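Quick notes on the structure that follows.
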Amino acid sequence: MNGKVILVIMDGVGHDAAVTQCGFLEGCVELGRARRWKMRAALPTVSAAIYETLHTGLSPIDHGVTGNEALRRSTRPNTFSTCRQHGLRTAAVAQSFFFTLYQSRPYDPLLDVECDEPGEAIQYGRFYSMEGYGAANAAAPAEIDLCAQANLLIRRTDPSYLLLHTCSADTLGHTFGGDSAEYLKQAWRIDNALARVIPSWVEAGYDVFVTADHGMSSKGSHGGAEAGMRDVAFYAFSDAAGPREDQVLEQLAVAPTILSRIGAPIPGTMHEPPFLTGRVAGFIESPAVVSAGRAPRKPARW
Ligand SMILES: [Zn+2]
C-alpha cells in the first residue's frame with residue numbers, strides 16, 4: 001500500500017526562528033507526537049535553487065537552478081514527476097515559482113492561480129504570485145488561507161504528495177531582518193495556522209514534514225553559507241524509524257525520503273539514502289536514545 005506525504009516549506013524560516021517561535025511544532029516534539037532535527041541546506045541558499053533541491057535531491061550546482069534568476073522548468077526527475085510516472089496524485093499550494101519549475105508551460109497569473117489538470121506534474125495546484133511585493137506590502141496570502149486551500153485539495157483529491165509553501169516569513173525577513181519582531185512573529189503565525197490543520201492531516205494517514213528552504217541573516221539576506229542562512233529545522237509527524245535527533249540531516253535526502261515514504265521508486269539521480277525508513281509501532285528509533293534515560297515515545301498519531 002502506498003503512503004501519503006505532505007511537505008510544508010516555511011520559506012526563509014531558519015532553525016533558531018523555528019525552535020524559538022513555533023510553539024505548536026515544538027510542543028508536539030515535547031509530547032513525542034513529532035520529531036525535529038537540524039537540517040543543513042544546500043548551497044547557494046536561494047529559494048528557487050532549494051525548491052528544486054528539495055524535489056530532485058540534487059545540489060543546485062548539479063540541477064542547474066542556481067538562483068531565482070536561473071528559474072526555468074526542471075530538467076531532472078523530481079518528486080512530482082516521479083509520482084505522476086507511477087500513477088500517484090499530486091497537489092500543491094505554492095508560490096508561482098513552483099508552477100514554472102514543474103508544469104509544462106510558463107505561469108500565467110490570470111489563468112494559473114487554480115490548476116486542475118490531471119496531465120500536469122502538479123495535477124491540482126493553487127498558486128499565488130506575490131507580484132509587486134516590497135516593504136510597503138508583503139503581498140503574501142494569510143497562513144490560514146493557504147492551509148485552507150491545502151485542506152480542501154486534500155479532501156477533494158486525496159493526493160499522495162501535497163506541497164504547502166508559505167513565503168511570508170521570507171518576505172518580512174528581507175524587509176525587517178532575521179532578528180526582527182516582524183519576521184519572528186510571522187514564523188509563529190505559520191505555526192499557529194499549522195496547529196489547526198496538522199492534527200487532521202495526521203489522522204487522515206499523512207506523514208507531515210515541516211521544514212524550510214533556507215534561513216535568514218540578521219541583516220535580511222540569504223544565499224550564502226553562514227549558519228543563520230543554512231541551518232533549518234526538519235519536523236516529522238511520522239511513525240517511520242529515523243536517525244538520532246542530534247544528527248544533522250542533509251537537505252539532499254528530502255526528496256528520496258518522501259518518495260520512499262510514499263512507496264514510489266527513487267530515481268537513480270537521487271543519491272542520498274532516505275533518512276526515514278519502515279514503520280515501527282511505538283515510534284522508538286534508537287536503543288541508544290532509550291538507554292540514555294529518555295522515556296519511550298508515544299505513538300505519533302493523534
Ligand atoms: Zn528570500
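As shown in the C-alpha cells, the chain order sets the letters A, B, ...; within each chain, residues go from 1, and ligands are also counted from 1 in the order they appear.
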Contacts to ligand 1 at 9 Å cut-off (only C-alpha atoms and all ligand atoms) as a count of residues only:
18
Compile the contact shell of segment 90-106 of chain A as a list in words: residues with an atom at most 7 Å away, counting only C-alpha atoms, same-chain residues fewer than 4 positions apart removed.
Ala48, Arg72, Arg73, Ser74, Phe80, Glu120, Ala121, Ile122, Gln123, Tyr124, Gly125, Arg126, Phe127, Tyr128, Ser129, Leu146, Gln149, Ala150, Pro159, Ser160, Tyr161, Leu162, Leu163, Leu164, His165 and Thr166 of chain A
Give me the segment 8-71 of chain A side of the contact with segment 183-196 of chain A, cut-off 10 Å, one line per residue showing its nearest atom pair and distance in Å at one decimal, counting only C-alpha atoms, sorted by chain and residue number, as a Markdown table.
| residue | atom | partner | partner_atom | distance |
| --- | --- | --- | --- | --- |
| A:Val8 | CA | A:Leu194 | CA | 9.2 |
| A:Met10 | CA | A:Ile190 | CA | 7.6 |
| A:Asp11 | CA | A:Ala187 | CA | 9.6 |
| A:Gly12 | CA | A:Ala187 | CA | 9.2 |
| A:Val13 | CA | A:Ala187 | CA | 6.5 |
| A:Gly14 | CA | A:Ala187 | CA | 9.3 |
| A:Asp16 | CA | A:Leu184 | CA | 9.9 |
| A:Ala17 | CA | A:Leu184 | CA | 6.4 |
| A:Ala18 | CA | A:Ala187 | CA | 6.7 |
| A:Val19 | CA | A:Ala187 | CA | 9.9 |
| A:Thr20 | CA | A:Leu184 | CA | 8.8 |
| A:Gln21 | CA | A:Trp188 | CA | 5.2 |
| A:Cys22 | CA | A:Asp191 | CA | 5.2 |
| A:Gly23 | CA | A:Asp191 | CA | 7.0 |
| A:Phe24 | CA | A:Ala195 | CA | 5.9 |
| A:Leu25 | CA | A:Asp191 | CA | 6.8 |
| A:Glu26 | CA | A:Asp191 | CA | 9.5 |
| A:Cys28 | CA | A:Ala195 | CA | 9.7 |
Sel. of alpha helix (DSSP H) residues, segment 113-275 of chain A, as an MDAnalysis selection string:
chainID A and resid 143:157 168:176 181:194 198:203 227:230 254:262
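Compared by their closest atoms to Gln247 of chain A, and using only C-alpha atoms, the residues A:Leu152, A:Leu259, A:Pro199, A:Phe234 rank with A:Phe234 nearest.
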Using only C-alpha atoms, pick whichever of A:Leu249, A:Val254, A:Ala236, A:Ala138 has the shortest atom-to-atom distance to Gly32 of chain A.
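Answer, going by the shortest atom-to-atom distance: A:Ala236.
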Which of these residues is nearest to Ile262 of chain A, using only C-alpha atoms: A:Gly27, A:Pro141, A:Gly134, A:Gly278?
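Ranked by minimum distance to Ile262 of chain A, first place goes to A:Gly278.
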As an MDAnalysis selection string, please: every residue in segment 28-199 of chain A that DSSP puts in strand (DSSP E).
chainID A and resid 35:40 90:95 114:116 124:128 161:166
Write the selection just made, keeping N, CA, C and O atoms, as a tab-separated table (two decimals), in the first residue's frame?
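The resulting file, again.tsv, is reproduced below:
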chain	number	residue	atom	x	y	z
A	35	ARG	N	9.05	14.53	15.68
A	35	ARG	CA	10.48	14.63	15.94
A	35	ARG	C	11.03	15.81	15.16
A	35	ARG	O	10.48	16.19	14.12
A	36	ARG	N	12.12	16.37	15.68
A	36	ARG	CA	12.74	17.51	14.98
A	36	ARG	C	14.25	17.32	14.92
A	36	ARG	O	14.87	16.96	15.92
A	37	TRP	N	14.78	17.54	13.72
A	37	TRP	CA	16.22	17.50	13.51
A	37	TRP	C	16.68	18.86	12.99
A	37	TRP	O	15.90	19.64	12.44
A	38	LYS	N	17.98	19.12	13.13
A	38	LYS	CA	18.58	20.22	12.39
A	38	LYS	C	18.93	19.69	11.00
A	38	LYS	O	19.39	18.56	10.85
A	39	MET	N	18.66	20.50	9.98
A	39	MET	CA	18.98	20.12	8.61
A	39	MET	C	19.89	21.18	8.00
A	39	MET	O	19.70	22.37	8.23
A	40	ARG	N	20.87	20.74	7.22
A	40	ARG	CA	21.80	21.65	6.58
A	40	ARG	C	21.35	21.89	5.14
A	40	ARG	O	21.29	20.95	4.34
A	90	THR	N	-0.88	14.22	-7.30
A	90	THR	CA	-0.05	15.28	-6.75
A	90	THR	C	-0.85	16.57	-6.62
A	90	THR	O	-1.78	16.82	-7.39
A	91	ALA	N	-0.46	17.39	-5.63
A	91	ALA	CA	-1.14	18.66	-5.41
A	91	ALA	C	-0.17	19.64	-4.77
A	91	ALA	O	0.84	19.23	-4.18
A	92	ALA	N	-0.46	20.93	-4.89
A	92	ALA	CA	0.40	21.94	-4.28
A	92	ALA	C	-0.37	23.23	-4.04
A	92	ALA	O	-1.25	23.59	-4.82
A	93	VAL	N	-0.03	23.88	-2.95
A	93	VAL	CA	-0.42	25.27	-2.70
A	93	VAL	C	0.90	25.99	-2.53
A	93	VAL	O	1.62	25.76	-1.54
A	94	ALA	N	1.25	26.84	-3.49
A	94	ALA	CA	2.63	27.33	-3.51
A	94	ALA	C	2.76	28.59	-4.35
A	94	ALA	O	1.89	28.92	-5.17
A	95	GLN	N	3.86	29.28	-4.14
A	95	GLN	CA	4.18	30.45	-4.95
A	95	GLN	C	4.44	29.99	-6.40
A	95	GLN	O	4.80	28.84	-6.64
A	114	GLU	N	-5.41	28.77	-10.27
A	114	GLU	CA	-6.06	27.49	-9.99
A	114	GLU	C	-5.75	26.54	-11.13
A	114	GLU	O	-5.95	26.88	-12.29
A	115	CYS	N	-5.25	25.38	-10.81
A	115	CYS	CA	-4.86	24.40	-11.83
A	115	CYS	C	-5.45	23.06	-11.44
A	115	CYS	O	-5.08	22.48	-10.42
A	116	ASP	N	-6.42	22.59	-12.21
A	116	ASP	CA	-6.97	21.25	-12.02
A	116	ASP	C	-6.77	20.51	-13.33
A	116	ASP	O	-7.66	20.44	-14.17
A	124	TYR	N	-3.16	19.21	-9.19
A	124	TYR	CA	-4.11	20.11	-8.54
A	124	TYR	C	-3.30	21.15	-7.80
A	124	TYR	O	-2.64	20.85	-6.80
A	125	GLY	N	-3.29	22.38	-8.33
A	125	GLY	CA	-2.44	23.42	-7.75
A	125	GLY	C	-3.21	24.69	-7.48
A	125	GLY	O	-4.14	25.04	-8.20
A	126	ARG	N	-2.81	25.37	-6.42
A	126	ARG	CA	-3.30	26.71	-6.12
A	126	ARG	C	-2.06	27.57	-5.98
A	126	ARG	O	-1.28	27.38	-5.05
A	127	PHE	N	-1.87	28.50	-6.90
A	127	PHE	CA	-0.62	29.24	-6.98
A	127	PHE	C	-0.86	30.73	-6.75
A	127	PHE	O	-1.86	31.28	-7.21
A	128	TYR	N	0.07	31.37	-6.02
A	128	TYR	CA	-0.01	32.81	-5.80
A	128	TYR	C	1.25	33.46	-6.34
A	128	TYR	O	2.33	32.86	-6.34
A	161	TYR	N	1.05	13.06	-2.73
A	161	TYR	CA	2.03	14.08	-2.34
A	161	TYR	C	1.40	15.45	-2.47
A	161	TYR	O	0.89	15.81	-3.54
A	162	LEU	N	1.43	16.21	-1.37
A	162	LEU	CA	0.97	17.61	-1.40
A	162	LEU	C	2.07	18.48	-0.84
A	162	LEU	O	2.64	18.20	0.22
A	163	LEU	N	2.37	19.55	-1.56
A	163	LEU	CA	3.32	20.57	-1.11
A	163	LEU	C	2.54	21.80	-0.65
A	163	LEU	O	1.67	22.29	-1.37
A	164	LEU	N	2.86	22.29	0.54
A	164	LEU	CA	2.33	23.56	1.03
A	164	LEU	C	3.51	24.48	1.27
A	164	LEU	O	4.39	24.17	2.08
A	165	HIS	N	3.54	25.58	0.54
A	165	HIS	CA	4.69	26.51	0.60
A	165	HIS	C	4.20	27.89	0.99
A	165	HIS	O	3.33	28.46	0.32
A	166	THR	N	4.75	28.43	2.08
A	166	THR	CA	4.40	29.78	2.50
A	166	THR	C	5.62	30.68	2.46
A	166	THR	O	6.69	30.30	2.92
Quick one: pull the distance between atom CA of Thr211 of chain A and atom CA of Ala233 of chain A, Å, one decimal.
5.5 Å
